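Coordinates as given in entry-v2.cif (mmCIF, C-alpha atoms):
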```cif
data_input
#
loop_
_atom_site.group_PDB
_atom_site.id
_atom_site.type_symbol
_atom_site.label_atom_id
_atom_site.label_comp_id
_atom_site.auth_asym_id
_atom_site.auth_seq_id
_atom_site.Cartn_x
_atom_site.Cartn_y
_atom_site.Cartn_z
ATOM 1 C CA MET A 1365 -23.063 -38.864 -31.201
ATOM 2 C CA ARG A 1366 -19.817 -38.921 -29.177
ATOM 3 C CA LYS A 1367 -18.325 -41.407 -31.654
ATOM 4 C CA MET A 1368 -19.269 -39.127 -34.547
ATOM 5 C CA LEU A 1369 -17.593 -36.154 -32.889
ATOM 6 C CA CYS A 1370 -14.569 -38.200 -31.858
ATOM 7 C CA SER A 1371 -13.858 -39.788 -35.219
ATOM 8 C CA GLY A 1372 -10.397 -40.953 -36.131
ATOM 9 C CA MET A 1373 -8.950 -44.156 -34.751
ATOM 10 C CA CYS A 1374 -5.500 -45.613 -35.218
ATOM 11 C CA THR A 1375 -6.181 -48.905 -36.967
ATOM 12 C CA SER A 1376 -2.552 -49.906 -37.452
ATOM 13 C CA THR A 1377 -1.757 -53.442 -36.371
ATOM 14 C CA VAL A 1378 2.001 -52.768 -36.167
ATOM 15 C CA GLN A 1379 3.721 -54.507 -33.267
ATOM 16 C CA LEU A 1380 6.777 -53.002 -31.562
ATOM 17 C CA PRO A 1381 8.989 -55.707 -30.031
ATOM 18 C CA GLY A 1382 12.550 -54.438 -29.831
ATOM 19 C CA LYS A 1383 11.460 -50.832 -30.372
ATOM 20 C CA VAL A 1384 12.153 -48.042 -27.864
ATOM 21 C CA ALA A 1385 9.801 -45.120 -27.253
ATOM 22 C CA VAL A 1386 9.881 -41.985 -25.119
ATOM 23 C CA VAL A 1387 6.646 -40.203 -24.226
ATOM 24 C CA THR A 1388 6.796 -36.904 -22.349
ATOM 25 C CA GLY A 1389 4.050 -36.120 -19.857
ATOM 26 C CA ALA A 1390 3.083 -39.785 -19.790
ATOM 27 C CA ASN A 1391 1.857 -39.855 -16.197
ATOM 28 C CA THR A 1392 -1.618 -38.584 -17.120
ATOM 29 C CA GLY A 1393 -4.127 -37.967 -19.896
ATOM 30 C CA ILE A 1394 -3.193 -38.439 -23.541
ATOM 31 C CA GLY A 1395 0.418 -39.239 -22.709
ATOM 32 C CA LYS A 1396 -0.558 -42.059 -20.388
ATOM 33 C CA GLU A 1397 -2.889 -43.603 -22.978
ATOM 34 C CA THR A 1398 -0.253 -43.258 -25.699
ATOM 35 C CA ALA A 1399 2.381 -44.948 -23.548
ATOM 36 C CA LYS A 1400 -0.037 -47.728 -22.609
ATOM 37 C CA GLU A 1401 -0.791 -48.518 -26.250
ATOM 38 C CA LEU A 1402 2.893 -48.544 -27.200
ATOM 39 C CA ALA A 1403 3.587 -50.900 -24.297
ATOM 40 C CA GLN A 1404 0.638 -53.081 -25.348
ATOM 41 C CA ARG A 1405 2.352 -53.491 -28.716
ATOM 42 C CA GLY A 1406 5.568 -54.659 -27.081
ATOM 43 C CA ALA A 1407 7.715 -51.514 -27.070
ATOM 44 C CA ARG A 1408 10.205 -50.612 -24.395
ATOM 45 C CA VAL A 1409 8.580 -47.400 -23.129
ATOM 46 C CA TYR A 1410 10.013 -44.518 -21.106
ATOM 47 C CA LEU A 1411 7.561 -42.293 -19.265
ATOM 48 C CA ALA A 1412 9.344 -38.930 -19.098
ATOM 49 C CA CYS A 1413 7.596 -37.137 -16.241
ATOM 50 C CA ARG A 1414 8.073 -34.223 -13.876
ATOM 51 C CA ASP A 1415 6.171 -36.081 -11.129
ATOM 52 C CA VAL A 1416 8.169 -39.304 -10.749
ATOM 53 C CA GLN A 1417 5.994 -40.684 -7.949
ATOM 54 C CA LYS A 1418 2.860 -40.375 -10.041
ATOM 55 C CA GLY A 1419 4.780 -41.744 -13.014
ATOM 56 C CA GLU A 1420 5.805 -44.850 -11.065
ATOM 57 C CA SER A 1421 2.175 -45.514 -10.170
ATOM 58 C CA VAL A 1422 1.165 -45.210 -13.838
ATOM 59 C CA ALA A 1423 4.064 -47.443 -14.942
ATOM 60 C CA ARG A 1424 2.912 -50.184 -12.572
ATOM 61 C CA GLU A 1425 -0.625 -49.818 -13.887
ATOM 62 C CA ILE A 1426 0.539 -50.125 -17.503
ATOM 63 C CA GLN A 1427 2.735 -53.117 -16.662
ATOM 64 C CA LEU A 1428 -0.234 -54.830 -15.009
ATOM 65 C CA ILE A 1429 -2.639 -54.114 -17.869
ATOM 66 C CA THR A 1430 -0.279 -54.948 -20.745
ATOM 67 C CA GLY A 1431 1.928 -57.595 -19.184
ATOM 68 C CA ASN A 1432 4.899 -55.615 -20.512
ATOM 69 C CA GLN A 1433 7.463 -55.069 -17.752
ATOM 70 C CA GLN A 1434 9.631 -52.830 -19.938
ATOM 71 C CA VAL A 1435 7.903 -49.623 -18.853
ATOM 72 C CA PHE A 1436 10.195 -47.189 -17.080
ATOM 73 C CA VAL A 1437 9.903 -43.778 -15.452
ATOM 74 C CA ARG A 1438 12.546 -41.089 -15.719
ATOM 75 C CA LYS A 1439 12.539 -37.577 -14.322
ATOM 76 C CA LEU A 1440 11.994 -34.837 -16.912
ATOM 77 C CA ASP A 1441 11.079 -31.266 -16.042
ATOM 78 C CA LEU A 1442 10.614 -29.382 -19.301
ATOM 79 C CA ALA A 1443 10.669 -26.091 -17.384
ATOM 80 C CA ASP A 1444 14.345 -26.628 -16.541
ATOM 81 C CA THR A 1445 17.008 -27.179 -19.222
ATOM 82 C CA LYS A 1446 19.297 -28.810 -16.633
ATOM 83 C CA SER A 1447 16.651 -31.485 -16.077
ATOM 84 C CA ILE A 1448 16.217 -31.953 -19.843
ATOM 85 C CA ARG A 1449 19.952 -32.364 -20.356
ATOM 86 C CA ALA A 1450 20.199 -34.775 -17.413
ATOM 87 C CA PHE A 1451 17.339 -36.882 -18.785
ATOM 88 C CA ALA A 1452 18.930 -37.029 -22.243
ATOM 89 C CA LYS A 1453 22.382 -37.853 -20.866
ATOM 90 C CA ASP A 1454 21.056 -40.721 -18.742
ATOM 91 C CA PHE A 1455 18.815 -42.048 -21.513
ATOM 92 C CA LEU A 1456 21.640 -42.065 -24.054
ATOM 93 C CA ALA A 1457 23.859 -43.923 -21.594
ATOM 94 C CA GLU A 1458 21.126 -46.461 -20.937
ATOM 95 C CA GLU A 1459 19.685 -47.147 -24.399
ATOM 96 C CA LYS A 1460 21.279 -48.044 -27.719
ATOM 97 C CA HIS A 1461 18.202 -47.109 -29.739
ATOM 98 C CA LEU A 1462 15.252 -44.702 -29.914
ATOM 99 C CA HIS A 1463 12.556 -45.291 -32.505
ATOM 100 C CA ILE A 1464 9.639 -43.144 -31.313
ATOM 101 C CA LEU A 1465 9.760 -39.774 -29.557
ATOM 102 C CA ILE A 1466 6.384 -38.322 -28.631
ATOM 103 C CA ASN A 1467 6.607 -34.742 -27.374
ATOM 104 C CA ASN A 1468 3.278 -34.754 -25.595
ATOM 105 C CA ALA A 1469 3.689 -32.824 -22.326
ATOM 106 C CA GLY A 1470 2.408 -29.290 -22.070
ATOM 107 C CA VAL A 1471 0.978 -26.485 -19.977
ATOM 108 C CA MET A 1472 -2.100 -24.406 -20.746
ATOM 109 C CA MET A 1473 -3.335 -20.976 -19.668
ATOM 110 C CA CYS A 1474 -0.850 -20.509 -16.831
ATOM 111 C CA PRO A 1475 -0.707 -17.214 -14.966
ATOM 112 C CA TYR A 1476 2.393 -15.332 -16.122
ATOM 113 C CA SER A 1477 5.448 -17.177 -14.860
ATOM 114 C CA LYS A 1478 8.900 -18.183 -16.034
ATOM 115 C CA THR A 1479 10.841 -21.405 -16.301
ATOM 116 C CA ALA A 1480 14.084 -22.017 -14.421
ATOM 117 C CA ASP A 1481 15.923 -20.478 -17.383
ATOM 118 C CA GLY A 1482 13.766 -17.352 -17.589
ATOM 119 C CA PHE A 1483 11.520 -18.379 -20.493
ATOM 120 C CA GLU A 1484 7.796 -17.618 -20.437
ATOM 121 C CA MET A 1485 6.183 -20.832 -19.183
ATOM 122 C CA HIS A 1486 4.113 -21.751 -22.262
ATOM 123 C CA MET A 1487 6.875 -21.065 -24.764
ATOM 124 C CA GLY A 1488 9.475 -22.542 -22.422
ATOM 125 C CA VAL A 1489 7.729 -25.854 -21.741
ATOM 126 C CA ASN A 1490 5.600 -26.437 -24.838
ATOM 127 C CA HIS A 1491 8.160 -25.335 -27.410
ATOM 128 C CA LEU A 1492 11.695 -24.717 -26.125
ATOM 129 C CA GLY A 1493 11.738 -27.680 -23.737
ATOM 130 C CA HIS A 1494 10.755 -30.123 -26.460
ATOM 131 C CA PHE A 1495 13.024 -28.375 -28.978
ATOM 132 C CA LEU A 1496 16.012 -29.015 -26.694
ATOM 133 C CA LEU A 1497 14.970 -32.584 -25.857
ATOM 134 C CA THR A 1498 14.585 -33.429 -29.539
ATOM 135 C CA HIS A 1499 17.951 -31.862 -30.355
ATOM 136 C CA LEU A 1500 19.681 -33.926 -27.665
ATOM 137 C CA LEU A 1501 18.074 -37.190 -28.818
ATOM 138 C CA LEU A 1502 18.268 -36.578 -32.563
ATOM 139 C CA GLU A 1503 21.485 -38.508 -33.266
ATOM 140 C CA LYS A 1504 20.060 -41.544 -31.474
ATOM 141 C CA LEU A 1505 16.890 -41.279 -33.563
ATOM 142 C CA LYS A 1506 19.003 -41.106 -36.731
ATOM 143 C CA GLU A 1507 21.060 -44.127 -35.677
ATOM 144 C CA SER A 1508 17.803 -46.042 -35.051
ATOM 145 C CA ALA A 1509 16.099 -45.049 -38.309
ATOM 146 C CA PRO A 1510 13.460 -45.520 -39.483
ATOM 147 C CA SER A 1511 12.193 -43.517 -36.529
ATOM 148 C CA ARG A 1512 9.533 -40.909 -35.836
ATOM 149 C CA ILE A 1513 8.937 -37.744 -33.848
ATOM 150 C CA VAL A 1514 5.399 -36.681 -32.947
ATOM 151 C CA ASN A 1515 4.766 -33.171 -31.590
ATOM 152 C CA VAL A 1516 1.411 -32.598 -29.909
ATOM 153 C CA SER A 1517 0.056 -29.214 -30.988
ATOM 154 C CA SER A 1518 -3.519 -27.905 -31.076
ATOM 155 C CA LEU A 1519 -6.256 -26.402 -33.204
ATOM 156 C CA ALA A 1520 -5.586 -23.347 -31.011
ATOM 157 C CA HIS A 1521 -2.529 -22.627 -33.176
ATOM 158 C CA HIS A 1522 -4.899 -20.771 -35.518
ATOM 159 C CA LEU A 1523 -5.014 -17.934 -32.954
ATOM 160 C CA GLY A 1524 -1.243 -18.010 -32.434
ATOM 161 C CA ARG A 1525 1.373 -15.559 -33.648
ATOM 162 C CA ILE A 1526 5.136 -15.592 -33.207
ATOM 163 C CA HIS A 1527 6.010 -12.163 -31.822
ATOM 164 C CA PHE A 1528 9.794 -12.255 -31.902
ATOM 165 C CA HIS A 1529 9.939 -8.918 -30.069
ATOM 166 C CA ASN A 1530 7.808 -10.361 -27.256
ATOM 167 C CA LEU A 1531 8.596 -14.082 -27.307
ATOM 168 C CA GLN A 1532 8.789 -14.237 -23.492
ATOM 169 C CA GLY A 1533 5.611 -12.230 -22.919
ATOM 170 C CA GLU A 1534 7.337 -9.434 -21.032
ATOM 171 C CA LYS A 1535 5.820 -6.582 -23.070
ATOM 172 C CA PHE A 1536 2.282 -7.960 -23.128
ATOM 173 C CA TYR A 1537 0.793 -11.228 -21.948
ATOM 174 C CA HIS A 1538 -2.491 -13.109 -22.211
ATOM 175 C CA ALA A 1539 -2.579 -16.646 -20.814
ATOM 176 C CA GLY A 1540 -4.912 -18.022 -23.486
ATOM 177 C CA LEU A 1541 -3.006 -16.469 -26.380
ATOM 178 C CA ALA A 1542 0.342 -17.522 -24.904
ATOM 179 C CA TYR A 1543 -0.858 -21.117 -25.163
ATOM 180 C CA CYS A 1544 -1.909 -20.535 -28.794
ATOM 181 C CA HIS A 1545 1.483 -19.001 -29.637
ATOM 182 C CA SER A 1546 3.302 -22.024 -28.206
ATOM 183 C CA LYS A 1547 1.101 -24.437 -30.162
ATOM 184 C CA LEU A 1548 1.880 -22.537 -33.369
ATOM 185 C CA ALA A 1549 5.559 -22.879 -32.463
ATOM 186 C CA ASN A 1550 5.077 -26.676 -32.249
ATOM 187 C CA ILE A 1551 3.867 -26.810 -35.857
ATOM 188 C CA LEU A 1552 6.563 -24.480 -37.175
ATOM 189 C CA PHE A 1553 9.199 -26.554 -35.350
ATOM 190 C CA THR A 1554 7.808 -29.757 -36.854
ATOM 191 C CA GLN A 1555 7.895 -28.397 -40.387
ATOM 192 C CA GLU A 1556 11.422 -27.029 -40.130
ATOM 193 C CA LEU A 1557 12.592 -30.218 -38.403
ATOM 194 C CA ALA A 1558 11.085 -32.337 -41.164
ATOM 195 C CA ARG A 1559 12.817 -30.196 -43.790
ATOM 196 C CA ARG A 1560 16.177 -30.629 -42.079
ATOM 197 C CA LEU A 1561 15.673 -34.378 -41.596
ATOM 198 C CA LYS A 1562 14.974 -35.239 -45.245
ATOM 199 C CA GLY A 1563 16.913 -38.332 -46.242
ATOM 200 C CA SER A 1564 17.848 -39.228 -42.653
ATOM 201 C CA GLY A 1565 15.190 -41.878 -42.098
ATOM 202 C CA VAL A 1566 13.673 -39.788 -39.297
ATOM 203 C CA THR A 1567 10.283 -38.189 -39.924
ATOM 204 C CA ALA A 1568 8.294 -35.655 -37.876
ATOM 205 C CA TYR A 1569 4.585 -34.942 -37.535
ATOM 206 C CA SER A 1570 2.464 -32.512 -35.528
ATOM 207 C CA VAL A 1571 -0.998 -33.419 -34.240
ATOM 208 C CA HIS A 1572 -4.152 -31.856 -32.880
ATOM 209 C CA PRO A 1573 -5.509 -34.453 -30.421
ATOM 210 C CA GLY A 1574 -8.949 -32.858 -30.215
ATOM 211 C CA THR A 1575 -10.710 -31.386 -27.210
ATOM 212 C CA VAL A 1576 -9.788 -33.871 -24.521
ATOM 213 C CA LYS A 1577 -10.761 -34.301 -20.885
ATOM 214 C CA SER A 1578 -7.411 -33.932 -19.123
ATOM 215 C CA GLU A 1579 -5.503 -32.062 -16.402
ATOM 216 C CA LEU A 1580 -4.321 -29.485 -18.944
ATOM 217 C CA ILE A 1581 -7.086 -27.040 -17.954
ATOM 218 C CA ARG A 1582 -6.186 -27.008 -14.245
ATOM 219 C CA HIS A 1583 -5.148 -23.333 -14.343
ATOM 220 C CA SER A 1584 -8.475 -22.056 -15.745
ATOM 221 C CA SER A 1585 -11.763 -22.089 -13.811
ATOM 222 C CA PHE A 1586 -13.550 -20.909 -16.952
ATOM 223 C CA MET A 1587 -12.199 -23.804 -19.011
ATOM 224 C CA LYS A 1588 -13.131 -26.272 -16.261
ATOM 225 C CA TRP A 1589 -16.690 -24.937 -16.380
ATOM 226 C CA MET A 1590 -16.775 -25.131 -20.176
ATOM 227 C CA TRP A 1591 -15.398 -28.668 -20.127
ATOM 228 C CA TRP A 1592 -18.119 -29.676 -17.647
ATOM 229 C CA LEU A 1593 -20.861 -27.935 -19.646
ATOM 230 C CA PHE A 1594 -19.868 -29.619 -22.919
ATOM 231 C CA SER A 1595 -18.535 -32.845 -21.425
ATOM 232 C CA PHE A 1596 -20.652 -34.978 -23.752
ATOM 233 C CA PHE A 1597 -18.720 -33.628 -26.746
ATOM 234 C CA ILE A 1598 -15.240 -33.937 -25.269
ATOM 235 C CA LYS A 1599 -12.896 -36.809 -26.090
ATOM 236 C CA THR A 1600 -11.592 -39.229 -23.517
ATOM 237 C CA PRO A 1601 -7.787 -39.384 -23.171
ATOM 238 C CA GLN A 1602 -7.868 -42.728 -24.992
ATOM 239 C CA GLN A 1603 -9.653 -41.126 -27.938
ATOM 240 C CA GLY A 1604 -7.325 -38.123 -27.759
ATOM 241 C CA ALA A 1605 -4.273 -40.375 -28.061
ATOM 242 C CA GLN A 1606 -5.373 -41.868 -31.390
ATOM 243 C CA THR A 1607 -3.805 -39.294 -33.714
ATOM 244 C CA SER A 1608 -0.461 -39.415 -31.899
ATOM 245 C CA LEU A 1609 -0.532 -43.194 -32.238
ATOM 246 C CA TYR A 1610 -1.560 -42.934 -35.887
ATOM 247 C CA CYS A 1611 1.468 -40.770 -36.667
ATOM 248 C CA ALA A 1612 3.806 -42.962 -34.635
ATOM 249 C CA LEU A 1613 2.665 -46.295 -36.074
ATOM 250 C CA THR A 1614 1.012 -46.049 -39.486
ATOM 251 C CA GLU A 1615 3.044 -47.663 -42.226
ATOM 252 C CA GLY A 1616 3.867 -45.570 -45.290
ATOM 253 C CA LEU A 1617 3.349 -42.232 -43.553
ATOM 254 C CA GLU A 1618 6.887 -41.111 -44.375
ATOM 255 C CA ILE A 1619 5.688 -39.383 -47.558
ATOM 256 C CA LEU A 1620 3.730 -36.977 -45.326
ATOM 257 C CA ASN A 1621 6.785 -35.958 -43.312
ATOM 258 C CA GLY A 1622 6.211 -32.561 -41.679
ATOM 259 C CA HIS A 1623 2.431 -32.566 -42.060
ATOM 260 C CA HIS A 1624 -0.145 -31.731 -39.391
ATOM 261 C CA PHE A 1625 -2.811 -34.291 -38.436
ATOM 262 C CA SER A 1626 -6.183 -34.291 -36.688
ATOM 263 C CA ASP A 1627 -8.511 -37.267 -36.251
ATOM 264 C CA CYS A 1628 -5.927 -39.455 -37.979
ATOM 265 C CA SER A 1629 -6.024 -37.403 -41.186
ATOM 266 C CA VAL A 1630 -3.972 -34.571 -42.641
ATOM 267 C CA ALA A 1631 -5.363 -31.295 -41.296
ATOM 268 C CA TRP A 1632 -5.342 -27.703 -42.486
ATOM 269 C CA VAL A 1633 -3.019 -25.273 -40.701
ATOM 270 C CA SER A 1634 -3.059 -21.488 -40.511
ATOM 271 C CA ALA A 1635 -1.157 -19.220 -42.906
ATOM 272 C CA GLN A 1636 1.280 -18.428 -40.100
ATOM 273 C CA ALA A 1637 1.919 -22.152 -39.641
ATOM 274 C CA ARG A 1638 2.828 -22.451 -43.327
ATOM 275 C CA ASN A 1639 5.326 -19.575 -43.273
ATOM 276 C CA GLU A 1640 8.771 -21.079 -43.935
ATOM 277 C CA THR A 1641 10.540 -17.788 -43.168
ATOM 278 C CA ILE A 1642 9.010 -17.641 -39.682
ATOM 279 C CA ALA A 1643 9.777 -21.343 -39.148
ATOM 280 C CA ARG A 1644 13.448 -20.866 -39.991
ATOM 281 C CA ARG A 1645 13.761 -17.742 -37.883
ATOM 282 C CA LEU A 1646 12.065 -19.445 -34.929
ATOM 283 C CA TRP A 1647 14.527 -22.321 -35.281
ATOM 284 C CA ASP A 1648 17.488 -19.930 -35.165
ATOM 285 C CA VAL A 1649 16.071 -17.947 -32.239
ATOM 286 C CA SER A 1650 15.368 -21.169 -30.339
ATOM 287 C CA CYS A 1651 18.928 -22.365 -30.876
ATOM 288 C CA ASP A 1652 20.237 -19.026 -29.640
ATOM 289 C CA LEU A 1653 18.067 -19.065 -26.518
ATOM 290 C CA LEU A 1654 19.087 -22.644 -25.689
ATOM 291 C CA GLY A 1655 22.769 -22.275 -26.489
ATOM 292 C CA ILE A 1656 22.609 -24.757 -29.369
ATOM 293 C CA PRO A 1657 25.181 -24.133 -32.136
ATOM 294 C CA MET A 1658 23.440 -23.063 -35.335
ATOM 295 C CA GLU A 1659 24.197 -25.017 -38.500
#
```
Please express what this file holds, its structure, as structure tokens.
Amino acid sequence: MRKMLCSGMCTSTVQLPGKVAVVTGANTGIGKETAKELAQRGARVYLACRDVQKGESVAREIQLITGNQQVFVRKLDLADTKSIRAFAKDFLAEEKHLHILINNAGVMMCPYSKTADGFEMHMGVNHLGHFLLTHLLLEKLKESAPSRIVNVSSLAHHLGRIHFHNLQGEKFYHAGLAYCHSKLANILFTQELARRLKGSGVTAYSVHPGTVKSELIRHSSFMKWMWWLFSFFIKTPQQGAQTSLYCALTEGLEILNGHHFSDCSVAWVSAQARNETIARRLWDVSCDLLGIPME
């Protein structure tokens, strides 16, 4: 039954010697399993984590399991643009290539709070943090083409809306909906990014990993209870990582640039997520908020 509900496995046999990958939030859950699989295939993998100590422990574990010693931990706090810029600066000085960027880290159902730069936490971490990181690493991805960007979104995007007049949740706020809004932003970002990257050799995909047992629900007692109650139907982190891996590794996927995936197949997205006008406006607003020059 669990296998039926957790369908969708990455069956690619692609090996990654000489390839470089960055996985955000790789010290736990889906990110950890994604990084482990990339390392197993021979990639040079960077675990971009807020908790460096925990990241180091995971890196040692992955090195031991895979035999790949090229697994590194670097500090990345997506709630602080200074940390994001410092990570990117150091990475670009250290590496000549970047072939896979997996924007996996995220927060869910936080009480109202703001990032170091004054952004609402969900929108700041889940969308704006990864938007800035991708922007800073984009030239390296282009130089390393063919390369791929995978943005971890959620089925929850169906309940999301982009309220430009309340993007930071200061006029009204609901923790659950704030998460949904940020996951919608992930899909809109992916689609606009894919449009802008046409012909560059860099492709972008968004994914719904499924309902996965992870630390993401730590802020919600209700969700913890629900996860426990329906634990038989919930994916393991290893199962949850499959669609990210599918989009990062599957040969010939370039023709589906910008698409959304679930269970290793193209998935339906909401009408809001298909709105090119909203996607372009969100891109411009994000650039403005982050101080990125608009093209």
* Asked: For the file shown, what are the residues hit by the PyMOL selection byres ((chain A and resi 1607) around 12), laid out as a PyMOL selection string?
  -> chain A and resi 1370-1376+1394-1395+1397-1398+1466+1468+1514-1518+1569-1574+1601-1606+1608-1614+1624-1631
Sorted by chain and rising residue number, list the residues of stretch 1384-1459 of chain A at most 7 Å from stretch 1485-1506 of chain A (counting only C-alpha atoms), each with its closest atom pair and distance in Å to one decimal, as a Markdown table.
```
| residue | atom | partner | partner_atom | distance |
| --- | --- | --- | --- | --- |
| A:Leu1442 | CA | A:Gly1493 | CA | 4.9 |
| A:Ala1443 | CA | A:Val1489 | CA | 5.3 |
| A:Thr1445 | CA | A:Gly1493 | CA | 7.0 |
| A:Ile1448 | CA | A:Leu1497 | CA | 6.2 |
| A:Ala1452 | CA | A:Leu1500 | CA | 6.3 |
```
* **Resolved residues for the PyMOL selection byres ((chain A and resi 1645) around 12) as a list in words** => Ile1526, His1527, Phe1528, Ala1549, Leu1552, Phe1553, Glu1556, Asn1639, Glu1640, Thr1641, Ile1642, Ala1643, Arg1644, Leu1646, Trp1647, Asp1648, Val1649, Ser1650, Cys1651, Asp1652 and Met1658 of chain A
Which residues, written as a compact mmCIF listing (two decimals) with C-alpha atoms, in the frame of the given file, have at least one atom at most 9 Å from A:Gln1404, with all atoms listed in the file counted and residues fewer than 5 positions away on the same chain left out?
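For reference, selection.txt as written:
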```txt
# COMPACT_ATOMS: atom_id res chain seq x y z
CA GLN A 1379 3.72 -54.51 -33.27
CA LEU A 1380 6.78 -53.00 -31.56
CA ALA A 1399 2.38 -44.95 -23.55
CA ILE A 1426 0.54 -50.12 -17.50
CA GLN A 1427 2.74 -53.12 -16.66
CA ILE A 1429 -2.64 -54.11 -17.87
CA THR A 1430 -0.28 -54.95 -20.74
CA GLY A 1431 1.93 -57.60 -19.18
CA ASN A 1432 4.90 -55.62 -20.51
```
* Considering all atoms listed in the file, state which residue in the set A:Glu1401, A:Glu1425, A:Glu1615, A:Asp1481 is at the smallest distance from A:Gly1655. =>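 Nearest candidate to A:Gly1655 out of A:Glu1401, A:Glu1425, A:Glu1615, A:Asp1481: A:Asp1481.
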* To do: Any chance you could resolve the PyMOL selection byres ((chain A and resi 1384-1392) around 7) against this file and give the residues as JSON, numbers by chain?
  => {"A": [1382, 1383, 1393, 1394, 1395, 1396, 1399, 1407, 1408, 1409, 1410, 1411, 1412, 1413, 1418, 1419, 1422, 1461, 1462, 1463, 1464, 1465, 1466, 1467, 1468, 1469]}
* atom CA of A:Tyr1537 and atom CA of A:Leu1440, how far apart in Å? -> 26.6 Å
Kindly list the centre and edge lengths in Å, rounded to one decimal, for the axis-aligned box that covers all listed atoms of stretch 1526-1530 of chain A plus 3 Å on each of its six sides, as lines of an AutoDock Vina configuration file.
```
center_x = 7.5
center_y = -12.3
center_z = -30.2
size_x = 10.8
size_y = 12.7
size_z = 12.0
```
* Structure fact -> Separating atom CA of A:Ala1423 from atom CA of A:Val1435, to the nearest tenth of an Å, is a gap of 5.9 Å
Surrounding residues of A:Ala1509 excluding itself and chain neighbours under 2 positions, 6 Å, only C-alpha atoms, as a PDB file with C-alpha atoms, in the frame of the given file:
```
ATOM      1  CA  LYS A1506      19.003 -41.106 -36.731  1.00  0.00           C
ATOM      2  CA  GLU A1507      21.060 -44.127 -35.677  1.00  0.00           C
ATOM      3  CA  SER A1511      12.193 -43.517 -36.529  1.00  0.00           C
ATOM      4  CA  GLY A1565      15.190 -41.878 -42.098  1.00  0.00           C
ATOM      5  CA  VAL A1566      13.673 -39.788 -39.297  1.00  0.00           C
TER       6      VAL A1566
END
```
* Point-to-point distance from atom CA of A:His1545 to atom CA of A:Gly1482, Å rounded to tenths ->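 It comes out at 17.3 Å.
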* Between A:Thr1575, A:Thr1600, A:Asn1621, A:Ser1546, which has the minimum distance to A:Leu1561 (counting all atoms listed in the file)? ->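 That would be A:Asn1621, the residue with the smallest distance to A:Leu1561.
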